[in-house]
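S.K.: My file is protein.txt. It has compact mmCIF, C-alpha atoms:
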# COMPACT_ATOMS: atom_id res chain seq x y z
CA MET A 1 219.73 58.43 187.58
CA PRO A 2 219.34 55.29 185.47
CA LYS A 3 221.15 55.03 182.17
CA LEU A 4 219.22 55.41 178.94
CA HIS A 5 218.17 52.20 177.20
CA SER A 6 216.53 51.97 173.77
CA ARG A 7 214.80 49.20 171.81
CA SER A 8 213.68 49.38 168.19
CA SER A 9 211.05 47.46 166.23
CA ILE A 10 209.16 47.81 162.93
CA TRP A 11 205.39 48.23 162.53
CA GLN A 12 203.73 48.07 159.12
CA CYS A 13 200.98 50.58 158.44
CA PRO A 14 197.90 48.75 157.05
CA ALA A 15 196.85 51.83 155.05
CA ASP A 16 199.58 51.60 152.42
CA GLY A 17 202.12 49.11 153.73
CA SER A 18 204.57 51.79 154.92
CA LYS A 19 207.01 50.56 157.51
CA VAL A 20 207.29 52.57 160.72
CA VAL A 21 210.26 52.52 163.08
CA GLU A 22 209.22 52.36 166.73
CA VAL A 23 211.81 53.29 169.35
CA SER A 24 211.11 52.62 173.03
CA LEU A 25 213.23 54.53 175.54
CA GLU A 26 213.82 54.06 179.25
CA GLY A 27 215.78 56.35 181.57
CA PHE A 28 217.04 59.95 181.50
CA ILE A 29 218.10 61.95 178.45
CA ASP A 30 220.82 64.18 179.88
CA ALA A 31 224.49 65.00 179.45
CA ALA A 32 225.56 61.45 180.32
CA SER A 33 223.11 59.68 178.00
CA TYR A 34 222.73 62.15 175.14
CA GLU A 35 224.89 60.20 172.68
CA THR A 36 222.82 57.05 173.28
CA PHE A 37 219.69 59.04 172.47
CA GLU A 38 221.26 60.58 169.36
CA ARG A 39 222.35 57.16 168.10
CA ALA A 40 218.81 55.81 168.58
CA LEU A 41 217.35 58.66 166.51
CA SER A 42 220.02 58.30 163.83
CA ALA A 43 219.42 54.55 163.58
CA ALA A 44 215.68 55.19 163.15
CA HIS A 45 216.34 57.62 160.30
CA GLU A 46 218.96 55.40 158.63
CA THR A 47 216.37 52.66 158.09
CA GLY A 48 215.11 54.82 155.22
CA HIS A 49 211.49 54.70 156.39
CA ARG A 50 209.27 57.80 156.35
CA PHE A 51 207.82 57.49 159.84
CA ALA A 52 209.11 56.93 163.35
CA ILE A 53 207.39 56.70 166.74
CA ILE A 54 209.43 57.48 169.84
CA ASP A 55 207.82 55.97 172.93
CA PHE A 56 208.55 58.21 175.93
CA THR A 57 206.57 56.13 178.44
CA HIS A 58 209.61 55.42 180.61
CA VAL A 59 211.58 58.63 180.00
CA HIS A 60 211.80 60.71 183.18
CA TYR A 61 213.83 63.73 182.04
CA ILE A 62 215.16 65.42 178.89
CA ASN A 63 217.62 68.31 178.69
CA SER A 64 217.95 70.98 176.00
CA THR A 65 220.55 68.99 174.05
CA GLY A 66 218.13 66.10 173.77
CA ILE A 67 215.41 68.48 172.58
CA SER A 68 217.74 69.81 169.88
CA ALA A 69 218.30 66.22 168.67
CA ILE A 70 214.52 65.78 168.33
CA ILE A 71 214.29 68.97 166.25
CA ARG A 72 216.98 67.73 163.85
CA SER A 73 215.47 64.27 163.59
CA ASP A 74 212.00 65.73 162.93
CA ALA A 75 213.42 67.78 160.03
CA LEU A 76 215.00 64.69 158.51
CA PHE A 77 211.74 62.72 158.55
CA ARG A 78 209.81 65.70 157.19
CA SER A 79 212.25 65.87 154.27
CA ARG A 80 210.86 62.45 153.26
CA ASN A 81 207.29 63.72 153.58
CA GLY A 82 207.09 61.69 156.77
CA ALA A 83 206.84 62.41 160.46
CA LEU A 84 208.52 61.84 163.80
CA CYS A 85 205.85 61.19 166.44
CA LEU A 86 206.35 61.34 170.20
CA ALA A 87 204.10 59.05 172.22
CA ASN A 88 203.12 59.10 175.89
CA VAL A 89 205.33 62.01 176.93
CA ALA A 90 204.90 62.61 180.67
CA LYS A 91 204.05 66.14 181.78
CA PRO A 92 207.33 66.78 183.62
CA VAL A 93 209.25 65.76 180.49
CA GLY A 94 206.96 67.40 177.95
CA LEU A 95 206.78 70.66 179.85
CA SER A 96 210.26 71.71 178.71
CA MET A 97 209.36 70.89 175.10
CA HIS A 98 206.07 72.75 175.35
CA LEU A 99 207.68 75.85 176.82
CA LEU A 100 210.12 75.90 173.92
CA GLY A 101 207.28 75.53 171.38
CA LEU A 102 207.75 71.98 170.10
CA THR A 103 204.06 71.15 170.55
CA SER A 104 203.30 73.67 167.80
CA PHE A 105 204.95 71.58 165.08
CA LEU A 106 205.60 68.07 166.42
CA PRO A 107 202.92 65.37 166.83
CA PHE A 108 202.56 64.46 170.53
CA LEU A 109 200.23 61.47 170.89
CA LYS A 110 198.62 59.92 173.94
CA ASP A 111 200.23 56.51 173.41
CA VAL A 112 201.78 54.30 170.73
CA ALA A 113 198.35 53.18 169.49
CA ALA A 114 197.30 56.80 168.95
CA ALA A 115 200.61 57.48 167.16
CA ARG A 116 199.99 54.54 164.82
CA GLN A 117 196.50 55.84 164.08
CA PHE A 118 197.94 59.31 163.39
CA ILE A 119 200.38 57.84 160.87
CA GLN A 120 197.67 55.69 159.27
CA ASP A 121 195.42 58.74 158.86
CA SER A 122 198.34 60.65 157.33
CA CYS A 123 199.10 57.86 154.88
CA GLN A 124 195.48 57.68 153.77
CA GLY A 125 195.55 61.42 153.17
CA ARG A 126 198.56 60.95 150.85
CA GLY A 127 199.71 64.53 151.46
CA ALA A 128 202.33 66.46 153.40
CA ILE A 129 202.24 65.80 157.11
CA THR A 130 200.51 68.56 159.04
CA LEU A 131 199.89 68.87 162.76
CA THR A 132 196.20 68.33 163.34
CA SER A 133 194.20 68.44 166.54
CA SER A 134 195.05 64.79 167.10
CA GLY A 135 198.68 65.77 167.41
CA THR A 136 198.26 68.33 170.16
CA HIS A 137 197.52 65.96 173.04
CA LEU A 138 200.33 67.21 175.26
CA ALA A 139 199.66 70.89 174.66
CA ASP A 140 195.97 70.44 175.46
CA GLU A 141 196.76 68.45 178.59
CA LEU A 142 199.23 71.01 179.90
CA GLY A 143 196.99 73.94 178.97
CA ALA A 144 196.65 76.72 181.49
CA GLY A 145 198.40 74.69 184.15
CA ILE A 146 201.79 75.99 183.08
CA LYS A 147 200.96 79.70 182.92
CA SER A 148 203.01 80.44 186.00
CA ALA A 149 206.00 78.76 184.36
CA LEU A 150 205.90 81.26 181.50
CA LYS A 151 206.50 84.39 183.54
CA THR A 152 209.15 86.76 182.28
CA PRO A 153 212.28 87.09 184.45
CA LYS A 154 212.59 90.39 186.29
CA GLY A 155 215.59 92.59 186.94
CA THR A 156 218.97 91.51 188.25
CA LEU A 157 219.97 90.75 191.56
CA SER A 158 238.44 89.96 211.82
CA PRO A 159 237.46 87.68 214.72
CA ARG A 160 236.42 89.33 217.97
CA ARG A 161 238.22 88.48 221.20
CA ILE A 162 235.62 87.32 223.71
CA PRO A 163 236.48 86.75 227.38
CA LEU A 164 235.74 83.25 228.61
CA ARG A 165 233.05 84.37 231.04
CA ARG A 166 231.12 87.00 229.11
CA ARG A 167 227.45 87.52 229.98
CA ASN A 168 224.42 89.23 228.46
CA ILE A 169 225.61 89.33 224.86
CA PRO A 170 223.15 91.53 222.90
CA GLY A 171 220.87 89.55 220.60
CA ILE A 172 221.31 86.17 222.29
CA LYS A 173 218.25 84.84 224.07
CA ARG A 174 218.16 81.63 226.06
CA ALA A 175 219.56 79.08 223.61
CA LYS A 176 219.68 75.31 223.42
CA VAL A 177 223.07 73.93 222.40
CA LEU A 178 223.82 70.31 221.49
CA VAL A 179 227.48 69.22 221.52
CA ILE A 180 228.53 65.93 219.90
CA THR A 181 232.01 64.68 220.84
CA PRO A 182 233.45 61.16 221.31
CA VAL A 183 234.25 61.57 225.04
CA LYS A 184 234.02 63.97 227.93
CA SER A 185 237.14 66.06 228.40
CA ARG A 186 238.47 69.33 229.73
CA PHE A 187 237.34 70.87 226.46
CA THR A 188 233.72 69.78 226.94
CA ARG A 189 233.78 71.13 230.51
CA ILE A 190 234.92 74.51 229.15
CA LEU A 191 232.05 74.43 226.64
CA ARG A 192 229.55 73.65 229.37
CA LEU A 193 230.87 76.52 231.47
CA ARG A 194 230.75 78.92 228.54
CA PHE A 195 227.21 78.12 227.40
CA SER A 196 225.93 78.04 230.96
CA SER A 197 227.30 81.57 231.39
CA LEU A 198 225.08 82.61 228.48
CA ASN A 199 222.03 81.35 230.37
CA GLY A 200 221.70 78.56 227.83
CA ASP A 201 220.81 74.86 227.89
CA TYR A 202 223.83 72.67 227.22
CA HIS A 203 223.53 69.02 226.20
CA LEU A 204 226.39 66.61 225.49
CA VAL A 205 226.16 63.31 223.56
CA HIS A 206 228.83 61.03 222.14
CA ASP A 207 227.40 59.21 219.09
CA ILE A 208 225.18 60.04 216.16
CA ARG A 209 222.27 57.80 217.11
CA ASP A 210 221.92 59.51 220.49
CA ALA A 211 222.48 62.88 218.83
CA LEU A 212 219.60 62.38 216.39
CA GLU A 213 217.26 61.27 219.19
CA ARG A 214 218.26 64.19 221.42
CA TYR A 215 217.92 66.58 218.50
CA GLU A 216 214.28 65.59 218.02
CA GLU A 217 213.62 66.15 221.73
CA LEU A 218 215.38 69.52 221.98
CA SER A 219 215.16 71.22 218.57
CA PRO A 220 218.46 72.96 219.44
CA ASP A 221 219.42 76.39 218.14
CA LEU A 222 223.07 75.38 217.69
CA VAL A 223 224.91 72.08 217.24
CA VAL A 224 228.68 71.72 217.68
CA VAL A 225 229.92 68.47 216.10
CA ASP A 226 233.32 66.82 216.43
CA ASP A 227 234.13 65.16 213.09
CA ARG A 228 235.37 62.08 214.96
CA SER A 229 231.78 61.46 216.03
CA ASP A 230 230.39 62.10 212.54
CA PRO A 231 233.17 61.19 210.06
CA LYS A 232 230.77 60.50 207.18
CA GLY A 233 228.64 63.58 207.78
CA ASP A 234 225.54 61.51 208.56
CA PHE A 235 224.26 63.90 211.22
CA VAL A 236 224.84 67.02 209.13
CA ASN A 237 223.22 65.41 206.08
CA ARG A 238 220.13 64.25 208.01
CA ILE A 239 219.51 67.67 209.50
CA LYS A 240 220.30 69.85 206.50
CA ILE A 241 218.04 68.06 204.01
CA GLN A 242 214.98 68.40 206.27
CA LYS A 243 213.06 71.56 205.51
CA LYS A 244 212.03 72.18 209.12
CA ARG A 245 215.55 71.54 210.44
CA SER A 246 217.84 72.99 207.77
CA LEU A 247 218.17 76.41 209.41
CA THR A 248 219.68 74.89 212.55
CA SER A 249 223.20 76.23 212.84
CA ILE A 250 225.86 73.51 212.79
CA ILE A 251 229.54 74.12 213.47
CA LYS A 252 231.89 71.22 212.81
CA MET A 253 235.37 70.68 214.26
CA TYR A 254 237.89 68.74 212.14
CA PRO A 255 240.99 67.17 213.74
CA ARG A 256 243.04 67.68 210.54
CA ARG A 257 242.68 69.50 207.24
CA ALA A 258 242.91 66.12 205.52
CA ASP A 259 239.69 65.05 207.24
CA LEU A 260 237.87 68.03 205.74
CA ASP A 261 239.38 67.54 202.28
CA ALA A 262 238.44 63.85 202.29
CA SER A 263 234.76 64.74 202.63
CA LEU A 264 234.67 67.02 199.59
CA ASP A 265 233.81 64.31 197.05
CA PHE A 266 230.16 65.09 197.82
CA LYS A 267 229.59 67.24 200.86
CA ILE A 268 226.52 68.87 202.35
CA TRP A 269 228.04 71.81 204.17
CA GLU A 270 227.62 72.75 207.80
CA ASN A 271 227.26 76.47 208.57
CA ASP A 272 230.89 76.87 209.58
CA TYR A 273 233.88 74.80 210.65
CA LEU A 274 237.21 74.90 212.45
CA VAL A 275 240.29 72.76 211.87
CA GLU A 276 242.55 71.87 214.80
CA PRO A 277 244.59 73.40 216.24
CA PHE A 278 242.34 76.39 216.96
CA GLU A 279 241.89 78.71 219.91
CA VAL A 280 238.81 78.04 221.98
CA LEU A 281 237.97 81.72 221.64
CA GLU A 282 237.59 81.17 217.89
CA LEU A 283 234.91 78.60 218.60
CA PHE A 284 233.13 80.94 220.98
CA THR A 285 233.27 83.70 218.39
CA LEU A 286 231.56 81.45 215.85
CA THR A 287 228.97 80.00 218.20
CA GLU A 288 227.87 83.35 219.58
CA ALA A 289 227.73 84.93 216.14
CA GLU A 290 225.54 82.03 214.98
CA LEU A 291 223.24 82.33 217.99
CA VAL A 292 222.66 85.96 217.05
CA ARG A 293 222.25 85.28 213.31
CA VAL A 294 219.92 82.26 213.27
CA PRO A 295 216.81 83.89 214.84
CA LYS A 296 217.09 86.72 212.29
CA ASP A 297 217.42 84.30 209.38
CA LYS A 298 214.43 82.26 210.53
CA LYS A 299 212.26 85.34 210.14
CA VAL A 300 213.22 85.49 206.44
CA PHE A 301 214.21 82.03 205.26
CA GLN A 302 212.44 78.68 205.45
CA GLN A 303 215.23 76.44 204.20
CA GLN A 304 218.87 76.46 203.13
CA VAL A 305 220.87 73.59 201.66
CA HIS A 306 224.49 74.17 200.66
CA PHE A 307 226.51 71.39 199.07
CA GLU A 308 229.57 70.81 196.90
CA PHE A 309 230.62 67.90 194.72
CA LYS A 310 233.48 66.73 192.53
CA MET A 311 233.14 65.80 188.84
CA ALA A 312 231.71 62.27 188.79
CA GLN A 313 228.48 60.97 187.29
CA ASP A 314 227.20 59.48 190.55
CA ASN A 315 227.86 62.81 192.31
CA LEU A 316 225.90 64.67 189.64
CA GLU A 317 223.03 62.24 190.15
CA LYS A 318 223.10 62.88 193.92
CA ALA A 319 223.07 66.62 193.27
CA CYS A 320 220.07 66.33 190.96
CA LYS A 321 218.14 64.19 193.45
CA LEU A 322 218.84 66.63 196.27
CA CYS A 323 217.72 69.61 194.17
CA ASP A 324 214.62 67.71 193.08
CA LEU A 325 213.74 66.95 196.71
CA VAL A 326 213.96 70.60 197.79
CA ILE A 327 212.12 71.88 194.70
CA HIS A 328 209.16 69.52 195.05
CA GLU A 329 208.90 70.21 198.79
CA SER A 330 208.81 73.96 198.13
CA ILE A 331 206.72 74.30 194.95
CA MET A 332 203.24 72.88 195.31
CA ALA A 333 202.14 72.97 191.65
CA GLN A 334 203.65 69.91 189.98
CA GLU A 335 204.01 71.60 186.59
CA ASP A 336 205.89 74.52 188.13
CA ALA A 337 208.11 72.18 190.13
CA ALA A 338 208.89 70.09 187.06
CA ALA A 339 209.68 73.20 185.00
CA PHE A 340 212.01 74.66 187.63
CA TYR A 341 213.75 71.32 188.13
CA ALA A 342 214.37 71.22 184.37
CA ALA A 343 216.03 74.66 184.63
CA VAL A 344 218.20 73.61 187.58
CA LYS A 345 219.17 70.30 185.94
CA GLU A 346 220.13 72.21 182.79
CA GLY A 347 222.26 74.58 184.88
CA LEU A 348 224.03 71.67 186.59
CA ASP A 349 224.72 69.95 183.26
CA ASN A 350 226.09 73.18 181.79
CA SER A 351 228.39 73.64 184.80
CA VAL A 352 229.73 70.11 184.44
CA ILE A 353 230.23 70.13 180.67
CA HIS A 354 230.80 73.74 179.63
CA GLY A 355 232.05 75.20 182.90
CA ASN A 356 234.32 72.54 184.37
CA HIS A 357 234.75 70.61 181.09
CA SER A 358 234.11 67.42 183.10
CA GLU A 359 237.56 67.67 184.72
CA SER A 360 237.64 65.38 187.74
CA SER A 361 239.77 67.78 189.82
CA ARG A 362 237.13 70.52 189.68
CA SER A 363 234.02 70.88 191.78
CA ILE A 364 230.60 72.53 191.66
CA ASP A 365 229.12 74.50 194.55
CA VAL A 366 225.32 74.65 194.93
CA ASN A 367 223.40 76.81 197.39
CA ILE A 368 219.61 76.55 197.68
CA LEU A 369 217.63 79.18 199.58
CA VAL A 370 213.89 79.16 200.20
CA ASP A 371 212.01 82.10 201.67
CA LYS A 372 208.30 82.88 201.83
CA LYS A 373 208.18 84.31 198.31
CA LYS A 374 210.78 82.53 196.19
CA LEU A 375 213.17 79.63 195.74
CA ILE A 376 216.72 80.53 194.73
CA VAL A 377 219.36 78.16 193.38
CA LEU A 378 222.96 79.32 192.98
CA ILE A 379 225.30 77.09 190.94
CA GLU A 380 229.01 77.93 190.79
CA ASP A 381 231.61 76.07 188.74
CA GLN A 382 235.38 76.52 188.54
CA GLY A 383 235.52 77.28 184.84
CA GLY A 384 236.66 80.42 183.04
CA GLY A 385 233.14 81.64 182.32
CA PHE A 386 231.67 82.88 179.02
CA ASP A 387 230.11 85.95 177.40
CA TYR A 388 226.82 85.55 179.25
CA GLU A 389 225.60 89.08 178.46
CA TYR A 390 225.56 88.22 174.76
CA TYR A 391 223.59 85.01 175.27
CA LEU A 392 221.16 86.57 177.74
CA SER A 393 220.44 89.39 175.28
CA ARG A 394 219.53 86.84 172.61
CA ILE A 395 216.87 85.07 174.67
CA ASP A 396 214.77 88.26 174.89
CA ASP A 397 214.30 88.13 171.13
CA LYS A 398 210.74 87.02 170.26
CA GLU A 399 212.22 84.78 167.58
CA ALA A 400 214.85 83.28 169.92
CA PHE A 401 213.56 79.73 169.60
CA GLU A 402 213.17 79.90 165.82
CA LYS A 403 216.70 81.24 165.46
CA ALA A 404 218.08 78.53 167.72
CA LYS A 405 216.12 75.94 165.79
CA LYS A 406 217.59 77.27 162.53
CA HIS A 407 221.14 76.93 163.89
CA ILE A 408 220.39 73.38 164.99
CA LEU A 409 219.06 72.38 161.58
CA GLU A 410 221.51 74.28 159.37
CA ASN A 411 224.72 73.92 161.35
CA GLY A 412 224.11 70.61 163.07
CA GLU A 413 224.63 72.17 166.51
CA ARG A 414 223.83 70.05 169.52
CA GLY A 415 223.23 72.93 171.91
CA GLY A 416 221.82 76.42 171.70
CA LEU A 417 218.66 75.92 173.75
CA GLY A 418 220.03 75.68 177.29
CA ILE A 419 219.80 79.30 178.44
CA LEU A 420 216.49 79.73 176.63
CA LEU A 421 215.12 76.65 178.40
CA MET A 422 216.29 77.91 181.81
CA ARG A 423 214.64 81.28 181.16
CA LYS A 424 211.35 79.65 180.12
CA CYS A 425 211.34 77.37 183.16
CA SER A 426 212.20 79.95 185.83
CA ASP A 427 211.13 83.45 186.83
CA ARG A 428 214.64 84.86 186.84
CA ILE A 429 218.01 83.88 185.41
CA GLU A 430 221.18 85.77 186.17
CA TYR A 431 224.92 85.18 185.78
CA SER A 432 227.68 86.76 187.82
CA GLY A 433 231.41 86.47 188.30
CA CYS A 434 232.92 85.73 184.90
CA GLY A 435 229.80 83.76 183.97
CA ASN A 436 230.63 80.82 186.24
CA ILE A 437 227.91 81.63 188.79
CA LEU A 438 224.31 80.98 187.78
CA ARG A 439 221.32 82.23 189.78
CA LEU A 440 217.87 80.79 189.11
CA GLU A 441 214.69 81.92 190.89
CA LYS A 442 211.13 80.67 191.06
CA HIS A 443 208.27 82.55 192.69
CA LEU A 444 206.29 80.58 195.25
Once you've parsed the file, please lay out its structure as structure tokens.
M.R.:
Amino acid sequence: MPKLHSRSSIWQCPADGSKVVEVSLEGFIDAASYETFERALSAAHETGHRFAIIDFTHVHYINSTGISAIIRSDALFRSRNGALCLANVAKPVGLSMHLLGLTSFLPFLKDVAAARQFIQDSCQGRGAITLTSSGTHLADELGAGIKSALKTPKGTLSPRRIPLRRRNIPGIKRAKVLVITPVKSRFTRILRLRFSSLNGDYHLVHDIRDALERYEELSPDLVVVDDRSDPKGDFVNRIKIQKKRSLTSIIKMYPRRADLDASLDFKIWENDYLVEPFEVLELFTLTEAELVRVPKDKKVFQQQVHFEFKMAQDNLEKACKLCDLVIHESIMAQEDAAAFYAAVKEGLDNSVIHGNHSESSRSIDVNILVDKKKLIVLIEDQGGGFDYEYYLSRIDDKEAFEKAKKHILENGERGGLGILLMRKCSDRIEYSGCGNILRLEKHL
């Protein structure tokens, strides 16, 4: 995600000569850029002027912490009998604000020109600033299109020894198996013999380019990959991020544990793996179990993407882009997709900051499942958790947002809206473990 950039200028209202601070933003308002955003708002207030216009034309995302900064800044301008106006807020960005209720008390204008006119009308009125119909542009535009995003969450939620030449294993139909290894060897001949004994189609290739071409021809049920042929995980990544291909079972063989550990900076996981040295019977156990499991899973699931990443800003950006890709492929209504992405992004930010405390040695595990009725995102951090039952009980309060807003204004808190935002933007939120595992669901 791009960094947040801000530019400020002064516009003089012709009605009474009042000076108005105009702040233009570009980028994402998230955990990495929040302080830049807060400084821009503080600088606007410190000018001493009554009015400010924040141009959101080029803002592509805002998290709950950024929303809390807007609430505080709005209160400061109101204390001067002025106003903080938001101009040209895109639907995906404004949706989070609307769900939290900001459109009920903040002026959202179509563009900077409309914001200037709003301020000019207010100055001519010479009274306290009130939200008129001209200030509800975003709420009117969103309208009934976000009803589905307001739904209330519901409820809560030893290896076998197999002979080398075993036939007629229950549950396994004729299967297509693609094996990717650098060279032919005695090992590949054993694999061919084994899969042929299962009445299956066996195909051997040696490099990723050929593997991807053969994959498109075969649509195999199982792929066995030697890490030496796919050291960067290119094949696994290409297959697992495609909705139609992600349920293909992939088993990867690593020559050394170090080769597996080296890939954990940002890794899209295969279904299972083995690290040499291993018994060939272990591989057969895995492959045959997968050939039984996959047809059953395909009757239920449409997509699964499982990945893990270490604490680094570029890794967090990759994680967000991957989640965004799956969400927008699965949820047709753009408002619903934008709302659920906001919930997932909030969950990822919370895991980085509050769960792992941004410690570089820790990682975050994300598992995305899509079936015919819902999209599920599981986010697990390596932190010590928190009293999630207390915080979840608070979001059911009808006055939850007003109470959170009060804490923001009276105590200067930066947070307090995250869990509420995730609840508003998803159909179900649930924590497990010690509070370090978050489950978010969206009905399809």
S.K.: Please identify all polymer residues lying at most 8 Å from the point (214.6, 61.3, 164.5) (file coordinates), using only C-alpha atoms, and present the result as a ChimeraX atom specification.
M.R.: /A:41-42,44-45,52,69-77,84
S.K.: Report, in Å to a single decimal, how far apart atom CA of A:Val305 and atom CA of A:Ile368 are.
M.R.: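 So the two atoms, atom CA of A:Ile368 and atom CA of A:Val305, lie 5.1 Å apart.
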S.K.: Using only C-alpha atoms, which residue out of A:Lys374, A:Asp226, A:Asn63, A:Glu216 lies closest to A:Leu100?
M.R.: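 Using only C-alpha atoms, the shortest distance to A:Leu100 belongs to A:Asn63.
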S.K.: Please, what is the axis-aligned box for every listed atom of stretch 293-300 of chain A with 3 Å on each side, as centre and edge lengths in Å to one decimal, as AutoDock Vina command-line options?
M.R.:
--center_x 217.3 --center_y 84.5 --center_z 210.6 --size_x 16.0 --size_y 10.5 --size_z 14.4
S.K.: By how many Å are atom CA of A:Ser358 and atom CA of A:Lys310 apart?
M.R.: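 Calculated distance between atom CA of A:Ser358 and atom CA of A:Lys310 is 9.5 Å.
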S.K.: How many Å separate atom CA of A:Ala258 from atom CA of A:Lys232?
M.R.: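 For atom CA of A:Ala258 relative to atom CA of A:Lys232, the distance reads 13.5 Å.
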S.K.: Kindly indicate which residue among A:Phe56, A:Phe401, A:Phe386, A:Tyr391 lies nearest to A:Ile437, using all atoms listed in the file for the distances.
M.R.: A:Phe386
